[in-house]
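Below: start-v4.cif (mmCIF, C-alpha atoms and all ligand atoms)
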data_final
loop_
_atom_site.label_atom_id
_atom_site.label_comp_id
_atom_site.auth_asym_id
_atom_site.auth_seq_id
_atom_site.Cartn_x
_atom_site.Cartn_y
_atom_site.Cartn_z
CA MET A 1 70.47 2.71 148.80
CA PRO A 2 68.09 2.00 145.93
CA GLU A 3 67.16 -1.64 145.38
CA LEU A 4 64.88 -3.29 142.82
CA PRO A 5 61.58 -1.56 143.81
CA GLU A 6 63.16 1.90 143.88
CA VAL A 7 64.81 1.38 140.48
CA GLU A 8 61.49 0.05 139.17
CA MET A 9 59.80 3.27 140.35
CA VAL A 10 62.48 5.36 138.65
CA VAL A 11 61.90 3.42 135.42
CA ARG A 12 58.10 3.76 135.69
CA THR A 13 58.33 7.51 136.23
CA LEU A 14 60.96 8.01 133.50
CA ARG A 15 59.00 6.06 130.88
CA PRO A 16 56.08 8.43 130.18
CA ARG A 17 58.37 11.46 130.10
CA LEU A 18 61.14 9.96 128.01
CA VAL A 19 59.84 7.41 125.51
CA GLY A 20 59.51 9.02 122.06
CA GLN A 21 61.67 12.00 123.06
CA ASN A 22 64.83 12.93 121.15
CA ILE A 23 68.14 13.64 122.83
CA THR A 24 69.99 16.57 121.27
CA ALA A 25 73.12 16.91 123.43
CA VAL A 26 75.00 15.29 126.31
CA GLU A 27 77.31 16.92 128.84
CA THR A 28 79.20 15.54 131.83
CA SER A 29 80.92 17.05 134.86
CA GLY A 30 84.21 15.37 133.97
CA LEU A 31 84.27 13.63 137.35
CA ALA A 32 84.39 9.85 137.52
CA LEU A 33 81.56 7.81 139.04
CA ARG A 34 82.47 4.28 140.17
CA ARG A 35 84.40 4.37 136.88
CA PRO A 36 85.12 7.30 134.53
CA ILE A 37 82.23 8.30 132.24
CA ASP A 38 83.11 7.77 128.56
CA LEU A 39 81.65 10.98 127.12
CA LYS A 40 82.58 10.09 123.55
CA MET A 41 80.60 6.85 123.77
CA LEU A 42 77.66 8.60 125.49
CA LYS A 43 77.52 11.10 122.65
CA ARG A 44 77.74 8.43 119.98
CA ALA A 45 74.84 6.59 121.61
CA CYS A 46 72.64 9.53 122.55
CA VAL A 47 73.05 12.59 120.35
CA GLY A 48 70.30 12.57 117.74
CA ALA A 49 68.75 9.44 119.28
CA ARG A 50 65.07 8.86 120.01
CA VAL A 51 64.26 7.01 123.23
CA ASP A 52 62.50 3.77 122.28
CA ALA A 53 62.08 2.12 125.69
CA VAL A 54 63.00 2.39 129.37
CA ARG A 55 63.38 -0.83 131.34
CA ARG A 56 65.11 -2.46 134.30
CA ILE A 57 67.22 -5.53 135.03
CA GLY A 58 68.03 -6.10 138.71
CA LYS A 59 69.15 -2.72 140.07
CA TYR A 60 70.11 -1.37 136.62
CA TRP A 61 67.95 0.99 134.57
CA LEU A 62 68.29 0.75 130.79
CA ILE A 63 67.30 3.16 128.03
CA ASP A 64 67.01 1.71 124.51
CA LEU A 65 67.93 4.25 121.83
CA SER A 66 67.11 4.49 118.12
CA THR A 67 70.86 4.57 117.36
CA GLU A 68 70.92 0.87 118.33
CA HIS A 69 72.68 1.68 121.55
CA VAL A 70 71.68 1.13 125.14
CA LEU A 71 72.31 3.61 127.92
CA LEU A 72 72.47 1.89 131.29
CA GLY A 73 73.03 2.97 134.81
CA HIS A 74 73.12 2.01 138.46
CA LEU A 75 72.17 4.58 141.09
CA GLY A 76 74.87 3.38 143.47
CA MET A 77 74.16 4.80 146.92
CA THR A 78 72.93 8.31 146.23
CA GLY A 79 72.19 8.55 142.48
CA ARG A 80 69.06 10.29 141.15
CA LEU A 81 67.62 10.92 137.71
CA VAL A 82 65.70 14.19 137.57
CA PHE A 83 63.97 16.26 134.91
CA ALA A 84 64.54 20.01 134.84
CA ASP A 85 64.06 22.95 132.50
CA ALA A 86 67.22 23.50 130.49
CA ASP A 87 67.64 26.97 131.98
CA ALA A 88 67.04 25.89 135.60
CA PRO A 89 70.24 25.94 137.69
CA ARG A 90 71.94 22.59 138.00
CA ALA A 91 72.00 20.96 141.42
CA ALA A 92 75.38 20.34 143.03
CA HIS A 93 76.77 16.92 142.06
CA THR A 94 75.12 16.86 138.62
CA HIS A 95 77.43 14.54 136.65
CA ALA A 96 75.56 14.02 133.38
CA VAL A 97 72.96 16.00 131.46
CA PHE A 98 70.88 14.75 128.52
CA ARG A 99 69.22 17.64 126.69
CA LEU A 100 65.84 16.77 125.20
CA ALA A 101 64.45 18.21 121.96
CA ARG A 102 61.31 19.53 123.70
CA GLY A 103 63.45 21.89 125.81
CA ASP A 104 64.03 20.21 129.16
CA GLU A 105 66.83 17.96 130.41
CA LEU A 106 67.30 14.62 132.13
CA ARG A 107 70.03 15.03 134.74
CA TYR A 108 72.01 12.45 136.68
CA VAL A 109 72.88 13.70 140.17
CA ASP A 110 75.07 11.62 142.49
CA PRO A 111 76.80 13.18 145.56
CA ARG A 112 78.78 10.10 146.52
CA ARG A 113 79.56 8.99 142.94
CA PHE A 114 79.19 5.24 143.48
CA GLY A 115 76.84 5.02 140.52
CA VAL A 116 77.40 3.68 137.01
CA LEU A 117 76.57 5.38 133.70
CA ARG A 118 77.55 3.64 130.48
CA ALA A 119 76.53 3.27 126.86
CA TYR A 120 76.89 0.15 124.74
CA ALA A 121 76.02 -0.94 121.24
CA ALA A 122 72.68 -2.74 121.69
CA ALA A 123 74.21 -6.02 120.49
CA ASP A 124 76.89 -5.85 123.21
CA ALA A 125 74.81 -4.77 126.22
CA ALA A 126 73.87 -8.24 127.47
CA GLN A 127 77.55 -9.21 127.54
CA SER A 128 78.64 -6.01 129.28
CA ALA A 129 80.62 -6.10 132.52
CA GLU A 130 77.48 -4.87 134.33
CA LEU A 131 74.81 -7.19 132.92
CA ALA A 132 76.69 -10.39 132.03
CA VAL A 133 77.25 -11.24 135.71
CA LEU A 134 73.63 -10.84 136.83
CA GLY A 135 71.47 -13.76 137.92
CA VAL A 136 67.72 -13.87 137.41
CA ASP A 137 65.58 -10.83 138.15
CA PRO A 138 63.02 -11.97 140.76
CA LEU A 139 60.11 -10.28 138.96
CA GLU A 140 60.91 -12.00 135.66
CA ARG A 141 59.52 -15.32 134.47
CA GLY A 142 62.90 -17.07 134.85
CA PHE A 143 62.72 -16.73 138.64
CA THR A 144 61.03 -20.07 139.24
CA VAL A 145 60.84 -22.01 142.51
CA ARG A 146 62.88 -24.70 140.76
CA TYR A 147 65.68 -22.30 139.77
CA PHE A 148 65.70 -20.80 143.25
CA ALA A 149 65.66 -24.16 145.08
CA ASP A 150 68.47 -25.56 142.90
CA SER A 151 70.61 -22.44 143.46
CA LEU A 152 70.04 -22.64 147.23
CA ALA A 153 70.89 -26.32 147.35
CA ALA A 154 74.20 -25.65 145.58
CA SER A 155 75.36 -22.96 148.02
CA ARG A 156 76.96 -23.32 151.43
CA ARG A 157 77.09 -19.58 152.13
CA ASP A 158 74.76 -18.05 154.68
CA ILE A 159 71.36 -17.24 153.28
CA LYS A 160 71.77 -13.50 153.66
CA ALA A 161 74.99 -13.49 151.59
CA PHE A 162 73.30 -15.72 149.01
CA LEU A 163 70.36 -13.34 148.58
CA MET A 164 72.63 -10.28 148.44
CA ASP A 165 74.73 -11.87 145.66
CA GLN A 166 73.57 -10.27 142.39
CA SER A 167 74.84 -13.22 140.36
CA ARG A 168 72.13 -15.45 141.93
CA VAL A 169 69.13 -13.18 142.30
CA ALA A 170 69.54 -9.72 140.77
CA GLY A 171 67.94 -6.78 142.53
CA LEU A 172 67.83 -7.50 146.26
CA GLY A 173 69.84 -5.47 148.78
CA ASN A 174 69.93 -5.21 152.54
CA ILE A 175 66.38 -3.96 153.10
CA TYR A 176 64.48 -6.55 151.06
CA VAL A 177 66.75 -9.42 152.08
CA CYS A 178 65.99 -8.70 155.77
CA GLU A 179 62.28 -8.35 155.01
CA ALA A 180 62.05 -11.52 152.91
CA LEU A 181 63.87 -13.62 155.51
CA PHE A 182 61.50 -12.38 158.20
CA ARG A 183 58.44 -13.17 156.08
CA ALA A 184 59.74 -16.68 155.43
CA GLY A 185 60.69 -17.21 159.11
CA ILE A 186 64.34 -17.97 158.30
CA ALA A 187 67.30 -16.77 160.41
CA PRO A 188 69.73 -14.72 158.29
CA THR A 189 72.73 -16.84 159.35
CA ARG A 190 71.31 -20.21 158.17
CA ARG A 191 73.31 -22.00 155.49
CA SER A 192 71.65 -21.77 152.08
CA ASP A 193 71.67 -25.50 151.30
CA ARG A 194 69.97 -26.13 154.65
CA VAL A 195 67.04 -23.85 153.86
CA ALA A 196 66.47 -25.42 150.43
CA LYS A 197 63.36 -27.16 151.77
CA LYS A 198 61.88 -23.77 152.56
CA ALA A 199 62.68 -22.56 149.05
CA GLU A 200 59.04 -22.18 148.08
CA ALA A 201 58.18 -20.01 151.10
CA LEU A 202 61.29 -17.88 150.65
CA HIS A 203 60.67 -17.52 146.92
CA ALA A 204 57.14 -16.28 147.65
CA ALA A 205 58.45 -13.92 150.36
CA VAL A 206 61.03 -12.38 147.99
CA VAL A 207 58.41 -11.71 145.31
CA THR A 208 55.88 -10.38 147.85
CA VAL A 209 58.20 -7.91 149.59
CA LEU A 210 59.30 -6.49 146.23
CA LYS A 211 55.77 -6.18 144.83
CA GLU A 212 54.41 -4.63 148.01
CA SER A 213 57.19 -2.07 148.03
CA ILE A 214 56.48 -1.14 144.41
CA GLU A 215 52.81 -0.65 145.36
CA ASN A 216 54.07 1.70 148.09
CA ARG A 217 56.33 3.48 145.57
CA GLY A 218 59.56 2.17 147.13
CA THR A 219 61.36 2.69 150.43
CA SER A 220 62.84 6.12 151.24
CA PHE A 221 65.10 6.63 154.25
CA SER A 222 67.24 9.50 153.03
CA ASP A 223 68.09 10.04 149.38
CA TYR A 224 65.80 7.99 147.24
CA VAL A 225 63.21 9.75 145.06
CA ASP A 226 61.72 8.65 141.74
CA ALA A 227 62.15 10.60 138.49
CA ASP A 228 59.15 12.79 139.45
CA GLY A 229 61.02 13.75 142.64
CA GLN A 230 58.61 11.80 144.84
CA SER A 231 59.72 9.81 147.91
CA GLY A 232 58.45 6.30 148.55
CA GLY A 233 56.15 5.23 151.40
CA ASN A 234 57.23 1.64 152.01
CA GLN A 235 59.43 2.48 155.02
CA ARG A 236 56.21 2.54 157.08
CA SER A 237 55.42 -1.07 156.10
CA LEU A 238 58.74 -2.69 157.01
CA TRP A 239 58.63 -5.57 159.52
CA VAL A 240 62.27 -5.65 160.63
CA TYR A 241 64.59 -3.38 158.64
CA GLY A 242 65.61 -0.30 160.66
CA ARG A 243 63.49 -1.44 163.65
CA GLU A 244 66.18 -2.48 166.18
CA ASP A 245 64.68 -2.79 169.70
CA ASP A 246 61.15 -2.10 168.41
CA PRO A 247 58.50 -4.74 169.11
CA CYS A 248 58.06 -7.43 166.47
CA ARG A 249 54.75 -6.90 164.71
CA ARG A 250 54.10 -10.64 164.78
CA CYS A 251 55.27 -11.87 168.24
CA ALA A 252 55.85 -8.60 170.18
CA GLY A 253 59.45 -9.67 171.00
CA ARG A 254 62.31 -7.28 170.28
CA ILE A 255 63.81 -6.88 166.81
CA LYS A 256 67.58 -7.43 166.90
CA ARG A 257 70.37 -5.99 164.80
CA ARG A 258 73.57 -7.87 164.04
CA VAL A 259 76.46 -6.91 161.79
CA GLN A 260 76.90 -9.55 159.11
CA ALA A 261 79.57 -9.14 156.39
CA GLY A 262 79.90 -5.49 157.39
CA ARG A 263 76.19 -4.67 156.97
CA SER A 264 73.42 -4.43 159.54
CA THR A 265 71.02 -7.34 159.55
CA PHE A 266 67.65 -6.86 161.27
CA PHE A 267 65.70 -9.91 162.39
CA CYS A 268 63.36 -11.31 165.02
CA PRO A 269 65.07 -14.14 166.91
CA ARG A 270 61.70 -15.63 167.91
CA CYS A 271 60.06 -15.58 164.49
CA GLN A 272 63.15 -16.51 162.46
CA LYS A 273 64.67 -19.92 163.13
ZN ZN B 1 58.75 -11.90 166.07
#
As structure tokens - that is how I would like this structure written.
Ligand SMILES: [Zn+2]
Amino acid sequence: MPELPEVEMVVRTLRPRLVGQNITAVETSGLALRRPIDLKMLKRACVGARVDAVRRIGKYWLIDLSTEHVLLGHLGMTGRLVFADADAPRAAHTHAVFRLARGDELRYVDPRRFGVLRAYAAADAAQSAELAVLGVDPLERGFTVRYFADSLAASRRDIKAFLMDQSRVAGLGNIYVCEALFRAGIAPTRRSDRVAKKAEALHAAVVTVLKESIENRGTSFSDYVDADGQSGGNQRSLWVYGREDDPCRRCAGRIKRRVQAGRSTFFCPRCQK
């Protein structure tokens, strides 16, 4: 499931191929993603538009258009954005197609259809149902130790649930939460207000695991590829995620897996207190 580094890689690979290009037509499969796609709104935003910028907030990618609209999306569990020649056959599960003036297409493919694809007037995007609820993106300037420590101190939830909550820190999911907690030496079940004194170490760990993954072009277990179709290499650098029963790379003890709020949590009981 794509998290911040994977979406960042999608944005970085979309940008050189999309910025300055004109969109001439939009088509959809007619099937709903997490919610139905509003084709009329997509057309209003995109047809005749030039792409001015491609950016990211949390796990959302955003495309700024010259029509003063924003196209935004979430890859859900299995979403991909791919470029293809207009006459190349469409992959199964292609749910939206943006035809580009130079002759190729940007296609949104999503087998499980948990993704999001929406267009908004630029003035309304920040207040949209998707973006209005997001906390601070950990790679943005607003993600200060102070902000993070204050948010931790105000929460009595377990630290894993706190980090997964997009309204606090926007962009982390299961992989990078497990990795950051290992790096900071914090057990995933600790209460957030009780780890507030380790806020600085955890803040640094969050930023480090994300930046390292971006350097490795993201983590690929099954579906994730960037907009050039390339898989990431960060799965080889993970300390705990997906390593149940493997030796800890720091203490040589065994990595454990525990189900927490319905999701697997990987941790080292010796290194994480
Ligand atoms: Zn260990």
Using only C-alpha atoms, which protein or nucleic acid residues come within 10 Å of stretch 246-250 of chain A? Drop anything in the same chain fewer than 5 positions from it, and give the result as a PDB file with C-alpha atoms, in the frame of the given file.
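Writing the result to result-v8.pdb gives the following:
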ATOM      1  CA  LEU A 238      58.740  -2.690 157.010  1.00  0.00           C
ATOM      2  CA  TRP A 239      58.630  -5.570 159.520  1.00  0.00           C
ATOM      3  CA  VAL A 240      62.270  -5.650 160.630  1.00  0.00           C
ATOM      4  CA  ILE A 255      63.810  -6.880 166.810  1.00  0.00           C
ATOM      5  CA  LYS A 256      67.580  -7.430 166.900  1.00  0.00           C
ATOM      6  CA  PHE A 267      65.700  -9.910 162.390  1.00  0.00           C
ATOM      7  CA  CYS A 268      63.360 -11.310 165.020  1.00  0.00           C
ATOM      8  CA  PRO A 269      65.070 -14.140 166.910  1.00  0.00           C
ATOM      9  CA  ARG A 270      61.700 -15.630 167.910  1.00  0.00           C
ATOM     10  CA  CYS A 271      60.060 -15.580 164.490  1.00  0.00           C
TER      11      CYS A 271
END
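Residues lying within 6 Å of stretch 12-25 of chain A, counting all atoms listed in the file and ignoring same-chain neighbours fewer than 6 positions away, are Val47, Gly48, Ala49, Arg50, Val51, Asp52, Ala53, Val54, Phe98, Arg99, Leu100, Ala101 and Ala227 of chain A.
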Exercise. Find, counting all atoms listed in the file, the residue in A:Leu202, A:Thr78, A:Ala187, A:Ile37 that gets nearest to ligand ZN 1 (chain B).
Key: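 Once distances to ligand ZN 1 (chain B) are computed over all atoms listed in the file, the minimum belongs to A:Ala187.
With all atoms listed in the file as the basis for measurement, A:Ala184 is the residue among A:Ala196, A:Ala184, A:Leu4, A:Ala201 that approaches ligand ZN 1 (chain B) most closely.
Take atom CA of A:Glu244 and atom CA of A:Ala161: the distance between them is 20.3 Å.
Reported to one decimal place, the separation of atom CA of A:Ala86 from atom CA of A:Arg35 is 26.5 Å.
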Quiz item: What's the 10 Å shell around A:Leu75, counting only C-alpha atoms, without same-chain residues fewer than 6 positions away, as JSON, numbers by chain?
Solution: {"A": [1, 2, 3, 6, 7, 59, 60, 61, 81, 108, 109, 110, 113, 114, 115, 116, 117, 224]}
Once you have the residues from the selection above, write them out as a PDB file, in the frame of the given file, restricted to C-alpha atoms.
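As written to disk, part.pdb reads:
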ATOM      1  CA  MET A   1      70.470   2.710 148.800  1.00  0.00           C
ATOM      2  CA  PRO A   2      68.090   2.000 145.930  1.00  0.00           C
ATOM      3  CA  GLU A   3      67.160  -1.640 145.380  1.00  0.00           C
ATOM      4  CA  GLU A   6      63.160   1.900 143.880  1.00  0.00           C
ATOM      5  CA  VAL A   7      64.810   1.380 140.480  1.00  0.00           C
ATOM      6  CA  LYS A  59      69.150  -2.720 140.070  1.00  0.00           C
ATOM      7  CA  TYR A  60      70.110  -1.370 136.620  1.00  0.00           C
ATOM      8  CA  TRP A  61      67.950   0.990 134.570  1.00  0.00           C
ATOM      9  CA  LEU A  81      67.620  10.920 137.710  1.00  0.00           C
ATOM     10  CA  TYR A 108      72.010  12.450 136.680  1.00  0.00           C
ATOM     11  CA  VAL A 109      72.880  13.700 140.170  1.00  0.00           C
ATOM     12  CA  ASP A 110      75.070  11.620 142.490  1.00  0.00           C
ATOM     13  CA  ARG A 113      79.560   8.990 142.940  1.00  0.00           C
ATOM     14  CA  PHE A 114      79.190   5.240 143.480  1.00  0.00           C
ATOM     15  CA  GLY A 115      76.840   5.020 140.520  1.00  0.00           C
ATOM     16  CA  VAL A 116      77.400   3.680 137.010  1.00  0.00           C
ATOM     17  CA  LEU A 117      76.570   5.380 133.700  1.00  0.00           C
ATOM     18  CA  TYR A 224      65.800   7.990 147.240  1.00  0.00           C
TER      19      TYR A 224
END
Quiz item: What is the distance between atom CA of A:Ser220 and atom CA of A:Gly173, in Å to one decimal?
Solution: 13.8 Å
Quiz item: Which protein, DNA or RNA residues are at most 12 Å from (72.8, -14.9, 157.3) in the file's coordinates when you count all atoms listed in the file, listed as a PyMOL selection string?
Solution: chain A and resi 156-164+174+177-178+181-182+186-192+194-195+257-267+272-273
Quiz prompt | For A:Ser213: contacts at 10 Å, all atoms listed in the file, fewer than 5 positions along chain excluded, given as JSON, numbers by chain | solution = {"A": [4, 5, 6, 9, 176, 208, 218, 219, 232, 233, 234, 235, 237, 238]}
Draw an axis-aligned box tight on the listed atoms of stretch 44-48 of chain A, then pad every side by 8 Å and write out centre and edge lengths in Å to one decimal as AutoDock Vina command-line options.
--center_x 74.0 --center_y 9.6 --center_z 120.1 --size_x 23.4 --size_y 22.0 --size_z 20.8
Quiz item: Smallest atom-to-atom distance to A:Glu68: which of A:Gln166, A:Arg44, A:Tyr241, A:Gly229, using only C-alpha atoms?
Solution: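 Of A:Gln166, A:Arg44, A:Tyr241, A:Gly229, the one nearest A:Glu68, counting only C-alpha atoms, is A:Arg44.
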Self-check item: Contact residues around A:Thr144 with all atoms listed in the file at 12 Å, ignoring same-chain residues under 6 positions, as a list in words
Solution: Val136, Asp137, Pro138, Asp150, Ser151, Val169, Ala199, Glu200, Leu202, His203, Ala204, Val206 and Val207 of chain A
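Minimum atom-to-atom distances from A:Gly171, A:Arg183, A:Lys43, A:Arg118 to ligand ZN 1 (chain B) were compared using only C-alpha atoms and all ligand atoms, and the lowest value belongs to A:Arg183.
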Quiz item: Which is closer to ligand ZN 1 (chain B) than all the others in A:Glu212, A:Asp245, A:Glu130, A:Glu8, using only C-alpha atoms and all ligand atoms?
Solution: A:Asp245
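Of the residues listed (A:Cys251, A:Leu72, A:Val82, A:Ala88), A:Cys251 shows the shortest atom-to-atom separation from ligand ZN 1 (chain B); distances use all atoms listed in the file.
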Could you add whatever atoms are missing so that stretch 215-229 of chain A carries N, CA and C atoms, then write the result as a PDB file, in the frame of the given file?
ATOM      1  N   GLU A 215      54.139  -1.243 145.122  1.00  0.00           N
ATOM      2  CA  GLU A 215      52.810  -0.650 145.360  1.00  0.00           C
ATOM      3  C   GLU A 215      52.898   0.583 146.258  1.00  0.00           C
ATOM      4  N   ASN A 216      53.859   0.552 147.182  1.00  0.00           N
ATOM      5  CA  ASN A 216      54.070   1.700 148.090  1.00  0.00           C
ATOM      6  C   ASN A 216      55.056   2.713 147.527  1.00  0.00           C
ATOM      7  N   ARG A 217      55.421   2.557 146.280  1.00  0.00           N
ATOM      8  CA  ARG A 217      56.330   3.480 145.570  1.00  0.00           C
ATOM      9  C   ARG A 217      57.749   3.460 146.117  1.00  0.00           C
ATOM     10  N   GLY A 218      58.180   2.314 146.678  1.00  0.00           N
ATOM     11  CA  GLY A 218      59.560   2.170 147.130  1.00  0.00           C
ATOM     12  C   GLY A 218      59.775   2.621 148.558  1.00  0.00           C
ATOM     13  N   THR A 219      60.988   2.348 149.058  1.00  0.00           N
ATOM     14  CA  THR A 219      61.360   2.690 150.430  1.00  0.00           C
ATOM     15  C   THR A 219      62.305   3.883 150.412  1.00  0.00           C
ATOM     16  N   SER A 220      61.969   4.939 151.152  1.00  0.00           N
ATOM     17  CA  SER A 220      62.840   6.120 151.240  1.00  0.00           C
ATOM     18  C   SER A 220      63.286   6.311 152.679  1.00  0.00           C
ATOM     19  N   PHE A 221      64.598   6.232 152.936  1.00  0.00           N
ATOM     20  CA  PHE A 221      65.100   6.630 154.250  1.00  0.00           C
ATOM     21  C   PHE A 221      65.758   7.993 154.171  1.00  0.00           C
ATOM     22  N   SER A 222      66.591   8.191 153.129  1.00  0.00           N
ATOM     23  CA  SER A 222      67.240   9.500 153.030  1.00  0.00           C
ATOM     24  C   SER A 222      67.155  10.036 151.612  1.00  0.00           C
ATOM     25  N   ASP A 223      67.899   9.414 150.678  1.00  0.00           N
ATOM     26  CA  ASP A 223      68.090  10.040 149.380  1.00  0.00           C
ATOM     27  C   ASP A 223      67.053   9.687 148.331  1.00  0.00           C
ATOM     28  N   TYR A 224      66.514   8.471 148.416  1.00  0.00           N
ATOM     29  CA  TYR A 224      65.800   7.990 147.240  1.00  0.00           C
ATOM     30  C   TYR A 224      64.537   8.791 146.895  1.00  0.00           C
ATOM     31  N   VAL A 225      64.453   9.224 145.638  1.00  0.00           N
ATOM     32  CA  VAL A 225      63.210   9.750 145.060  1.00  0.00           C
ATOM     33  C   VAL A 225      63.104   9.186 143.642  1.00  0.00           C
ATOM     34  N   ASP A 226      61.881   9.102 143.117  1.00  0.00           N
ATOM     35  CA  ASP A 226      61.720   8.650 141.740  1.00  0.00           C
ATOM     36  C   ASP A 226      61.993   9.804 140.778  1.00  0.00           C
ATOM     37  N   ALA A 227      61.799   9.570 139.476  1.00  0.00           N
ATOM     38  CA  ALA A 227      62.150  10.600 138.490  1.00  0.00           C
ATOM     39  C   ALA A 227      61.162  11.778 138.491  1.00  0.00           C
ATOM     40  N   ASP A 228      60.054  11.644 139.237  1.00  0.00           N
ATOM     41  CA  ASP A 228      59.150  12.790 139.450  1.00  0.00           C
ATOM     42  C   ASP A 228      59.528  13.546 140.726  1.00  0.00           C
ATOM     43  N   GLY A 229      60.579  13.086 141.409  1.00  0.00           N
ATOM     44  CA  GLY A 229      61.020  13.750 142.640  1.00  0.00           C
ATOM     45  C   GLY A 229      60.236  13.319 143.868  1.00  0.00           C
TER      46      GLY A 229
END
